[in-house]
Structures are given as structure tokens and as C-alpha cells.
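Data file: protein.cif. Format and content: mmCIF, C-alpha atoms and all ligand atoms.
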data_upload
loop_
_atom_site.label_atom_id
_atom_site.label_comp_id
_atom_site.auth_asym_id
_atom_site.auth_seq_id
_atom_site.Cartn_x
_atom_site.Cartn_y
_atom_site.Cartn_z
CA MET A 1 8.74 4.09 5.02
CA GLY A 2 8.35 7.73 4.10
CA THR A 3 5.12 8.10 6.00
CA SER A 4 3.86 8.80 9.52
CA PHE A 5 2.03 6.34 11.73
CA GLU A 6 -0.72 7.07 14.23
CA VAL A 7 -1.96 4.83 17.03
CA TYR A 8 -5.15 5.34 19.01
CA LEU A 9 -5.89 2.84 21.75
CA TYR A 10 -7.93 2.14 24.84
CA ALA A 11 -6.00 1.22 28.01
CA PRO A 12 -6.89 1.03 31.70
CA ASP A 13 -4.79 4.12 32.49
CA GLY A 14 -2.34 6.63 31.02
CA ARG A 15 0.74 4.81 32.20
CA ARG A 16 -0.28 1.59 30.49
CA ALA A 17 -1.25 3.53 27.36
CA ARG A 18 2.23 5.07 27.17
CA GLU A 19 3.84 1.62 27.54
CA LEU A 20 1.67 0.29 24.74
CA PHE A 21 2.50 3.25 22.48
CA GLN A 22 6.18 2.53 23.11
CA VAL A 23 5.72 -1.11 22.07
CA ALA A 24 3.79 -0.05 18.96
CA PHE A 25 6.33 2.52 17.77
CA ASP A 26 9.30 0.24 18.58
CA GLU A 27 7.70 -2.37 16.32
CA ILE A 28 7.19 0.18 13.52
CA GLU A 29 10.83 1.22 13.91
CA ARG A 30 11.93 -2.42 13.72
CA ILE A 31 10.02 -2.95 10.48
CA GLU A 32 11.30 0.35 9.04
CA THR A 33 14.84 -0.89 9.74
CA ALA A 34 14.12 -4.04 7.72
CA LEU A 35 12.04 -2.78 4.80
CA SER A 36 12.74 0.86 4.07
CA THR A 37 14.58 1.78 0.90
CA TYR A 38 15.06 5.21 2.48
CA ARG A 39 17.64 3.54 4.71
CA ALA A 40 20.87 2.37 3.12
CA THR A 41 21.37 -0.14 5.95
CA SER A 42 17.94 -1.81 5.71
CA GLU A 43 17.64 -5.47 4.83
CA ILE A 44 15.85 -4.54 1.58
CA SER A 45 18.67 -2.11 0.67
CA ARG A 46 21.17 -4.92 1.33
CA ILE A 47 19.20 -7.25 -0.95
CA ASN A 48 18.99 -4.54 -3.62
CA ALA A 49 22.75 -4.03 -3.48
CA HIS A 50 23.73 -7.70 -3.81
CA ALA A 51 20.96 -9.91 -5.22
CA ALA A 52 21.90 -9.28 -8.86
CA THR A 53 25.37 -10.74 -8.32
CA GLY A 54 24.23 -13.83 -6.40
CA PRO A 55 21.61 -15.21 -4.02
CA VAL A 56 21.23 -13.23 -0.80
CA THR A 57 20.03 -15.18 2.24
CA THR A 58 17.63 -13.11 4.28
CA ASP A 59 15.76 -13.44 7.56
CA PRO A 60 12.57 -15.51 7.81
CA GLU A 61 10.32 -12.46 8.18
CA VAL A 62 11.59 -10.63 5.09
CA PHE A 63 11.63 -13.88 3.11
CA GLN A 64 8.02 -14.51 4.06
CA LEU A 65 6.98 -11.01 2.96
CA LEU A 66 8.80 -11.39 -0.37
CA THR A 67 7.10 -14.76 -0.89
CA GLU A 68 3.72 -13.26 -0.18
CA SER A 69 4.41 -10.31 -2.50
CA LEU A 70 5.41 -12.66 -5.30
CA ARG A 71 2.21 -14.63 -4.78
CA TRP A 72 0.24 -11.38 -5.16
CA SER A 73 2.13 -10.59 -8.37
CA ARG A 74 1.04 -13.93 -9.82
CA ARG A 75 -2.53 -13.53 -8.62
CA SER A 76 -2.84 -10.00 -10.00
CA GLY A 77 -1.28 -10.87 -13.34
CA GLY A 78 1.68 -8.61 -12.58
CA ALA A 79 -0.36 -5.54 -11.59
CA PHE A 80 1.17 -5.66 -8.13
CA ASP A 81 4.94 -5.95 -8.37
CA ILE A 82 7.56 -5.05 -5.75
CA THR A 83 10.33 -5.16 -8.36
CA VAL A 84 9.28 -1.71 -9.62
CA GLY A 85 12.19 -0.01 -7.80
CA ARG A 86 14.04 1.07 -10.95
CA LEU A 87 10.83 2.28 -12.59
CA VAL A 88 9.97 4.30 -9.49
CA GLU A 89 13.41 5.93 -9.75
CA ALA A 90 13.17 6.49 -13.51
CA TRP A 91 9.90 8.39 -13.06
CA GLY A 92 11.45 10.43 -10.26
CA PHE A 93 9.08 9.21 -7.54
CA PHE A 94 11.83 8.22 -5.13
CA ARG A 95 12.43 11.32 -2.99
CA GLY A 96 11.25 13.28 -6.03
CA GLU A 97 8.40 15.13 -7.65
CA GLY A 98 8.05 13.09 -10.82
CA ARG A 99 9.49 13.58 -14.28
CA TYR A 100 9.28 12.03 -17.72
CA PRO A 101 12.23 9.64 -18.24
CA GLN A 102 14.31 9.52 -21.42
CA PRO A 103 13.29 6.55 -23.60
CA GLU A 104 16.64 4.76 -23.05
CA GLU A 105 16.36 5.25 -19.31
CA LEU A 106 12.83 3.87 -19.32
CA ALA A 107 13.92 0.89 -21.42
CA ARG A 108 16.75 0.16 -18.98
CA ALA A 109 14.40 0.42 -16.01
CA ARG A 110 11.95 -1.98 -17.65
CA GLU A 111 14.77 -4.47 -18.25
CA ALA A 112 15.63 -4.19 -14.56
CA SER A 113 12.15 -4.94 -13.23
CA GLY A 114 9.51 -7.66 -13.39
CA TRP A 115 8.48 -10.16 -10.73
CA ALA A 116 9.50 -13.13 -12.90
CA ARG A 117 13.09 -11.88 -12.59
CA MET A 118 13.06 -12.24 -8.81
CA VAL A 119 13.92 -15.80 -7.80
CA LEU A 120 13.17 -17.01 -4.29
CA ASP A 121 14.75 -20.18 -2.94
CA GLU A 122 12.82 -21.48 0.03
CA ALA A 123 15.40 -24.04 1.12
CA GLU A 124 18.16 -21.41 1.17
CA ARG A 125 15.78 -18.62 2.20
CA SER A 126 17.48 -16.56 -0.47
CA VAL A 127 16.53 -14.01 -3.11
CA ARG A 128 18.28 -13.48 -6.41
CA PHE A 129 17.69 -11.03 -9.26
CA LEU A 130 17.99 -12.30 -12.81
CA ALA A 131 18.70 -8.82 -14.25
CA PRO A 132 21.44 -6.39 -13.21
CA GLY A 133 20.34 -3.19 -11.52
CA MET A 134 17.06 -4.57 -10.18
CA GLY A 135 15.62 -3.06 -7.03
CA LEU A 136 12.76 -3.91 -4.69
CA ASP A 137 10.34 -1.22 -3.50
CA LEU A 138 7.95 -2.26 -0.74
CA GLY A 139 6.13 1.08 -0.77
CA ALA A 140 2.83 -0.57 -1.67
CA VAL A 141 2.84 -3.23 1.06
CA GLY A 142 5.28 -2.34 3.87
CA LYS A 143 3.00 0.06 5.71
CA GLY A 144 0.13 -2.42 5.70
CA TYR A 145 2.42 -5.18 6.89
CA ALA A 146 3.66 -2.93 9.72
CA LEU A 147 0.06 -2.24 10.82
CA ASP A 148 -0.69 -5.97 10.96
CA ARG A 149 2.38 -6.63 13.09
CA VAL A 150 1.54 -3.82 15.50
CA ALA A 151 -2.08 -5.00 15.75
CA ARG A 152 -0.89 -8.51 16.56
CA LEU A 153 1.45 -7.27 19.29
CA LEU A 154 -1.19 -5.03 20.88
CA ARG A 155 -3.70 -7.86 20.86
CA GLU A 156 -1.18 -10.15 22.56
CA LEU A 157 -0.73 -7.46 25.22
CA GLY A 158 -4.44 -7.46 25.94
CA VAL A 159 -5.57 -4.40 23.96
CA GLY A 160 -9.20 -4.82 22.95
CA ALA A 161 -9.68 -1.63 20.92
CA ALA A 162 -7.19 0.33 18.83
CA LEU A 163 -7.08 2.19 15.56
CA LEU A 164 -3.80 2.24 13.67
CA ASN A 165 -2.97 4.09 10.51
CA ALA A 166 -0.07 4.80 8.21
CA GLY A 167 -0.17 8.13 6.42
CA ARG A 168 -3.95 8.16 6.91
CA SER A 169 -4.09 5.94 3.85
CA SER A 170 -3.86 2.46 5.42
CA TYR A 171 -5.84 1.62 8.55
CA PHE A 172 -6.24 -1.34 10.83
CA ALA A 173 -9.23 -1.35 13.16
CA LEU A 174 -8.63 -3.62 16.15
CA GLY A 175 -11.86 -4.42 17.97
CA ARG A 176 -14.13 -1.42 18.37
CA PRO A 177 -14.51 1.45 20.81
CA PRO A 178 -16.82 0.73 23.76
CA ASP A 179 -20.49 1.42 22.89
CA ARG A 180 -19.74 1.90 19.21
CA GLY A 181 -20.37 -0.30 16.19
CA GLY A 182 -16.79 0.02 14.99
CA TRP A 183 -14.04 2.50 14.22
CA ARG A 184 -15.36 5.09 11.79
CA ILE A 185 -13.02 5.67 8.86
CA ARG A 186 -13.66 8.14 6.08
CA VAL A 187 -12.71 7.82 2.45
CA PRO A 188 -11.58 11.20 1.12
CA ASP A 189 -12.80 12.81 -2.09
CA PRO A 190 -9.87 12.49 -4.53
CA LEU A 191 -10.61 16.01 -5.81
CA ASP A 192 -10.82 17.54 -2.36
CA PRO A 193 -9.27 15.54 0.50
CA ASP A 194 -11.10 17.62 3.11
CA ARG A 195 -14.34 16.17 1.83
CA THR A 196 -15.57 12.63 2.30
CA ILE A 197 -17.13 10.34 -0.32
CA SER A 198 -17.95 7.52 2.08
CA SER A 199 -17.44 6.57 5.67
CA VAL A 200 -17.53 3.08 7.12
CA GLU A 201 -17.36 1.48 10.54
CA LEU A 202 -14.78 -1.25 10.84
CA GLU A 203 -14.09 -3.87 13.47
CA ASP A 204 -11.12 -6.25 13.17
CA ALA A 205 -10.67 -5.22 9.55
CA SER A 206 -8.48 -3.00 7.44
CA LEU A 207 -8.94 -0.26 4.86
CA SER A 208 -6.33 1.11 2.46
CA THR A 209 -6.54 3.89 -0.10
CA SER A 210 -4.19 4.23 -3.07
CA GLY A 211 -3.92 7.42 -5.08
CA SER A 212 -4.30 10.07 -2.45
CA ALA A 213 -4.29 13.69 -3.63
CA GLU A 214 -0.55 13.93 -2.82
CA GLN A 215 0.35 10.94 -4.96
CA TYR A 216 0.17 12.81 -8.26
CA PHE A 217 2.39 14.94 -10.38
CA GLU A 218 1.56 17.11 -13.36
CA LEU A 219 3.57 17.29 -16.53
CA GLU A 220 2.57 19.32 -19.55
CA GLY A 221 -0.99 19.56 -18.29
CA ARG A 222 -1.43 15.82 -17.73
CA ARG A 223 -1.86 14.15 -14.39
CA TYR A 224 0.26 11.11 -13.57
CA SER A 225 -0.08 8.90 -10.53
CA HIS A 226 2.76 7.45 -8.44
CA ILE A 227 1.43 4.01 -9.18
CA LEU A 228 3.02 2.32 -12.14
CA ASP A 229 1.63 -0.30 -14.42
CA PRO A 230 4.56 -2.74 -14.21
CA ARG A 231 3.48 -4.32 -17.47
CA THR A 232 3.98 -1.11 -19.48
CA GLY A 233 6.44 0.73 -17.25
CA HIS A 234 4.20 3.81 -17.32
CA PRO A 235 2.21 5.49 -14.54
CA VAL A 236 -1.45 4.52 -14.48
CA GLN A 237 -3.76 7.15 -15.94
CA GLY A 238 -7.52 7.42 -15.69
CA VAL A 239 -7.84 6.09 -12.15
CA ALA A 240 -8.16 8.67 -9.40
CA GLN A 241 -8.39 6.62 -6.23
CA VAL A 242 -8.93 3.06 -5.01
CA THR A 243 -10.00 2.07 -1.50
CA VAL A 244 -10.09 -1.56 -0.38
CA ILE A 245 -11.48 -3.15 2.79
CA ALA A 246 -9.95 -6.53 3.69
CA ALA A 247 -9.22 -8.70 6.70
CA THR A 248 -5.58 -7.67 7.04
CA ALA A 249 -3.76 -4.44 6.27
CA THR A 250 -1.19 -6.30 4.18
CA GLU A 251 -4.03 -7.49 1.99
CA SER A 252 -5.86 -4.15 1.73
CA ASP A 253 -2.57 -2.36 1.00
CA VAL A 254 -1.63 -4.82 -1.75
CA LEU A 255 -5.11 -4.88 -3.22
CA SER A 256 -5.62 -1.11 -3.33
CA THR A 257 -2.43 -0.81 -5.38
CA ALA A 258 -3.30 -3.82 -7.56
CA LEU A 259 -6.83 -2.53 -8.28
CA PHE A 260 -5.44 0.89 -9.12
CA VAL A 261 -3.49 -0.80 -11.93
CA LEU A 262 -6.22 -3.26 -12.96
CA GLY A 263 -9.15 -0.82 -13.02
CA PRO A 264 -12.71 -1.65 -11.90
CA ALA A 265 -13.58 -4.64 -14.11
CA LYS A 266 -10.43 -6.72 -13.72
CA GLY A 267 -10.17 -5.46 -10.16
CA GLU A 268 -13.59 -6.85 -9.36
CA ALA A 269 -12.58 -10.23 -10.77
CA LEU A 270 -9.51 -10.28 -8.52
CA LEU A 271 -11.57 -9.31 -5.47
CA GLN A 272 -14.10 -12.08 -6.14
CA GLU A 273 -11.25 -14.55 -6.40
CA VAL A 274 -9.73 -13.35 -3.13
CA GLY A 275 -13.09 -13.31 -1.37
CA GLY A 276 -14.22 -11.28 1.63
CA ALA A 277 -12.91 -7.93 0.35
CA ALA A 278 -14.70 -4.78 -0.84
CA ALA A 279 -13.60 -1.80 -2.89
CA LEU A 280 -14.48 1.70 -4.04
CA VAL A 281 -12.78 2.54 -7.34
CA VAL A 282 -12.88 6.14 -8.59
CA THR A 283 -12.05 6.48 -12.27
CA GLY A 284 -11.83 9.36 -14.71
CA THR A 285 -9.97 12.62 -14.75
CA GLY A 286 -10.88 16.20 -14.00
CA ASP A 287 -14.55 16.73 -13.25
CA GLU A 288 -15.82 13.53 -14.80
CA LEU A 289 -15.13 11.08 -12.03
CA GLN A 290 -17.09 7.87 -11.69
CA VAL A 291 -17.40 5.65 -8.64
CA HIS A 292 -17.45 1.86 -8.98
CA ASP A 293 -18.68 0.05 -5.93
CA ILE A 294 -17.56 -3.55 -5.37
CA ASN A 295 -19.38 -5.08 -2.36
CA TRP A 296 -18.92 -1.72 -0.64
CA PRO A 297 -20.61 -1.69 2.81
CA GLY A 298 -21.31 2.07 3.02
CA THR A 299 -23.23 4.72 1.11
CA VAL A 300 -21.29 6.80 -1.39
CA ASP A 301 -21.25 10.52 -2.15
CA ARG A 302 -20.13 11.29 -5.66
CA PRO A 303 -16.69 12.94 -5.68
CA GLY A 304 -16.71 16.65 -6.36
CA THR A 305 -20.45 16.79 -5.57
CA ARG A 306 -22.53 16.05 -2.50
CA ARG A 307 -25.27 14.15 -4.30
CA ARG A 308 -26.00 10.52 -3.62
CA THR A 309 -25.17 8.02 -6.29
CA GLY A 310 -28.05 5.76 -7.15
CA GLN A 311 -26.58 2.56 -5.79
P1 LIG B 1 0.27 2.51 -2.40
O1 LIG B 1 0.11 3.91 -1.93
O2 LIG B 1 0.14 1.50 -1.34
O3 LIG B 1 -0.59 2.21 -3.57
O4 LIG B 1 1.79 2.35 -2.89
C1 LIG B 1 2.33 3.14 -3.92
C2 LIG B 1 3.83 2.98 -3.94
O5 LIG B 1 4.17 1.63 -4.28
C3 LIG B 1 4.50 3.85 -4.99
O6 LIG B 1 4.87 5.10 -4.46
C4 LIG B 1 5.70 3.00 -5.38
O7 LIG B 1 6.74 3.14 -4.42
C5 LIG B 1 5.18 1.58 -5.27
N1 LIG B 1 4.51 1.10 -6.50
C6 LIG B 1 4.12 1.81 -7.60
N2 LIG B 1 3.48 1.04 -8.49
C7 LIG B 1 3.47 -0.22 -7.95
C8 LIG B 1 2.94 -1.48 -8.40
N3 LIG B 1 2.29 -1.59 -9.55
N4 LIG B 1 3.11 -2.55 -7.57
C9 LIG B 1 3.75 -2.45 -6.40
N5 LIG B 1 4.26 -1.29 -5.94
C10 LIG B 1 4.12 -0.18 -6.68
MG MG B 2 -0.76 -0.34 -1.35
#
As a first step, turn the structure in this file into C-alpha cells.
Ligand code: AMP
Ligand code: MG
Amino acid sequence: MGTSFEVYLYAPDGRRARELFQVAFDEIERIETALSTYRATSEISRINAHAATGPVTTDPEVFQLLTESLRWSRRSGGAFDITVGRLVEAWGFFRGEGRYPQPEELARAREASGWARMVLDEAERSVRFLAPGMGLDLGAVGKGYALDRVARLLRELGVGAALLNAGRSSYFALGRPPDRGGWRIRVPDPLDPDRTISSVELEDASLSTSGSAEQYFELEGRRYSHILDPRTGHPVQGVAQVTVIAATATESDVLSTALFVLGPAKGEALLQEVGGAAALVVTGTGDELQVHDINWPGTVDRPGTRRRTGQ
């Protein structure tokens, strides 16, 4: 998935802890084998290679994740869209640093994306692309999904407290450490990742941040994010970072990406509709960043400064 996972857990002894780590990382490996577009042999790569020529029947787990992703595309008005694969390539984000595509290339990539062009058939458990050259990219949801699966397994094996993260951008907090109110997770300052703009304690909840400091590229003095607005085919500008707290990591991962595209106002409307989620949206560029707090449970330090915002 192009990221690294970390697992912290409480176990009765070291031997049991090592067994549990093995289970956790085997599960991550299993999901990587299914979802990663960095692997030519993954199930998603197989779908990408064949679904434009005819329906591809897939396994129940992948089908379920595609169904859920499509549901999020509808709910977010197309802000979240796993069919961005060709756009991601056109902008050079896949194994690349980012570049401005030629207009024809961008037009082709737009023709080969869009959630309405991905057809799922529940009876056949199949996926089909309506446009040639389409490609799925689960970069905005796969790591969250993996965290949920690992959390479920660990819970089944009797683990009462664990903290899981993917790339230190998506977290799942299982239970809480003994004698503590929850797992403390910090939200980095988008201008300076070593600094913190808020920190929260979570128990049986998830937090995901989109738009980390590494997810940018600069071209002719302008900053572009790795998150695309699928409706325009262009990278989102003017949003620096979005952090979402939700019940599951799949949900917080999806929603952080969706809110990055939607911005604070439409993002808030989506969160209210979903219910039970909270967000911290940092907008602006350069030194003029603004923080929008949507049901956020913690206090907030303004990015780039250490002053309190008057919330
Ligand atoms: P995240 O860090 O979870 O926000 O995921 C960002 C990654 O998801 C990008 O690097 C792309 O691979 C992919 N992506 C970019 N824009 C979108 C979008 N609007 N919807 C879904 N996935 C996207
Ligand atoms: Mg995401």
C-alpha cells in the first residue's frame, strides 16, 4: 500500500505479544496482496487489467469494499472516487513526484475515470468498467480498511488495548491503555509536522489525516496536493490538511479524503449526514492557514503559531 504500519499492543507476556504481532502483520500482508496497485498480481491489478473488456468476478471481500467505496462516492457527490487511477498516473503521483499533464493526456485520463463508469453486479459479484483504460486506486481507503481488519482480529484474540496506524496518518485505537483515558494521538501542524495543532484521546475509534506534509508537490511556485478533485480532474488547492475522527478506520480514511475535496462547508454537511464523526479542516496556503472545527473534541493550536484559537 506504499506505506508502513505500526502496531502497539498490550499482552500478558512477550511471547504472546510476538504471536499477536505476527497475526497482525500477516493480515496486513494479506490485504496488501488483494488491494495494492503496487503489486501486478493483486486482485485490484487483475480487475484493472480486465474489467474494461468484460465483467470480472472477484472475491466477496474485495466486492464488498468496492460496493462500500461506490456508496461513499454517491454520498460525497463524487468527491471520494476510487476510479481516479488514471488521473493519479497522469499527475505523476503513482511512484512519482508530480507533474503537470499535457491537456490531451488529462482529457484521456478524465474519460477513463468516474465512479458512474464502474458497474458492480451483486448477483455475479463482478465489476466492469464502462470506459477503456480505467483503473482503480484504493490509496484513500485501503489502509483504513486494513486497520479495521487487524483490529477485529486482535479483538477476537482477546486483545483489550492496541494502537494501530498506517503511515502515521490513519489510526485505530482499540480499547485504551490501563489507567489512561484513551490512546493519545496528535494532529501535526501541516506547516511543520514536528509540531502539533491538537491532540486527542481515543478509545474504540479511529482518526485519519489527509494531506500530510509529504503529500505535496511544487510546480512553478504553486503547491499541489496528491488528492484530486475527481469532478475537475485537477489536484485540490487551498486545503492544507483534513483530520477526521470516526468509528471505523475505513470511514475516517474515506472521509478525510472526501472532506479534503469538499472543503469545510460541504464537508460539514456530509459529516452531519453521516453522524458521529468529527473533523479538523485546515484551509489556506502559505502563512494564512485557517482551522475549521467540526464537532472536534480537543483544543486546537493554530498552525504555524502556538496561540490558542478562540473556539
Ligand atoms: P488519503 O491520504 O487517504 O487522502 O489518500 C490519498 C490517495 O488516494 C492519493 O494518493 C491517491 O492515490 C488517491 N486519491 C486521490 N484523490 C482521491 C479522491 N478524490 N478519491 C479517492 N481517492 C483519491
Ligand atoms: Mg483517506
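Identified as lying at most 7 Å from ligand LIG 1 (chain B) when counting only C-alpha atoms and all ligand atoms are the residues Ala79, Phe80, Asp81, Ile82, Val84, Val88, Phe93, Asp137, Leu138, Gly139, Ala140, Val141, Thr209, Ser210, Gly211, His226, Ile227, Leu228, Asp229, Pro230, Asp253, Val254, Ser256, Thr257, Ala258 and Val261 of chain A.
Among the candidates A:Leu270, A:Val62, A:Val291, A:Ile245, the one nearest to Gly142 (chain A) when counting only C-alpha atoms is A:Val62.
Across A:Pro101, A:Ser206, A:Pro235, A:Thr57, the tightest approach to Ala123 (chain A) is made by A:Thr57 when counting all atoms listed in the file.
The spacing separating CA of Leu255 (chain A) from CA of Glu6 (chain A) amounts to 21.6 Å.
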Kindly give the distance, in Å, that separates CA of Asp189 (chain A) and CA of Ala279 (chain A), rounded to a single decimal.
14.7 Å
A:Lys143, A:Arg168, A:His234, A:Arg15: which is nearest ligand MG 2 (chain B), counting all atoms listed in the file?
A:Lys143
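For the atom pair formed by CA of Gly238 (chain A) and CA of Gly284 (chain A), the distance is 4.8 Å, given to one decimal.
In terms of minimum interatomic distance to Thr248 (chain A), A:Gly144 ranks closest within A:Gly158, A:Gly85, A:Gly144, A:Gly98, counting only C-alpha atoms.
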Please give the centre and size of the box around region 39-50 of chain A (axis-aligned, containing every atom listed in the file, 4 Å added per side), with values in Å to one decimal and written as JSON.
{"center_x": 19.8, "center_y": -2.1, "center_z": 1.1, "size_x": 15.9, "size_y": 19.2, "size_z": 17.8}
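Residues in contact with region 102-115 of chain A at up to 7 Å, not including ones fewer than 6 positions away on its chain and judged by all atoms listed in the file, are Leu70, Ser73, Asp81, Thr83, Val84, Arg86, Leu87, Ala90, Ala131, Pro132, Gly133, Met134 and Gly233 of chain A.
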Dump of C-alpha atoms for the selected residues, as a CSV table (one decimal), in the frame of the given file:
chain,number,residue,atom,x,y,z
A,70,LEU,CA,5.4,-12.7,-5.3
A,73,SER,CA,2.1,-10.6,-8.4
A,81,ASP,CA,4.9,-6.0,-8.4
A,83,THR,CA,10.3,-5.2,-8.4
A,84,VAL,CA,9.3,-1.7,-9.6
A,86,ARG,CA,14.0,1.1,-11.0
A,87,LEU,CA,10.8,2.3,-12.6
A,90,ALA,CA,13.2,6.5,-13.5
A,131,ALA,CA,18.7,-8.8,-14.2
A,132,PRO,CA,21.4,-6.4,-13.2
A,133,GLY,CA,20.3,-3.2,-11.5
A,134,MET,CA,17.1,-4.6,-10.2
A,233,GLY,CA,6.4,0.7,-17.2
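Nearest to Ala240 (chain A) of all the residues A:Val281, A:Leu207, A:Ala51, A:Leu66 is A:Val281, based on all atoms listed in the file.
Minimum distance to ligand MG 2 (chain B) across A:Leu202, A:Thr67, A:Ser169, A:Gly175 (counting all atoms listed in the file) occurs at A:Ser169.
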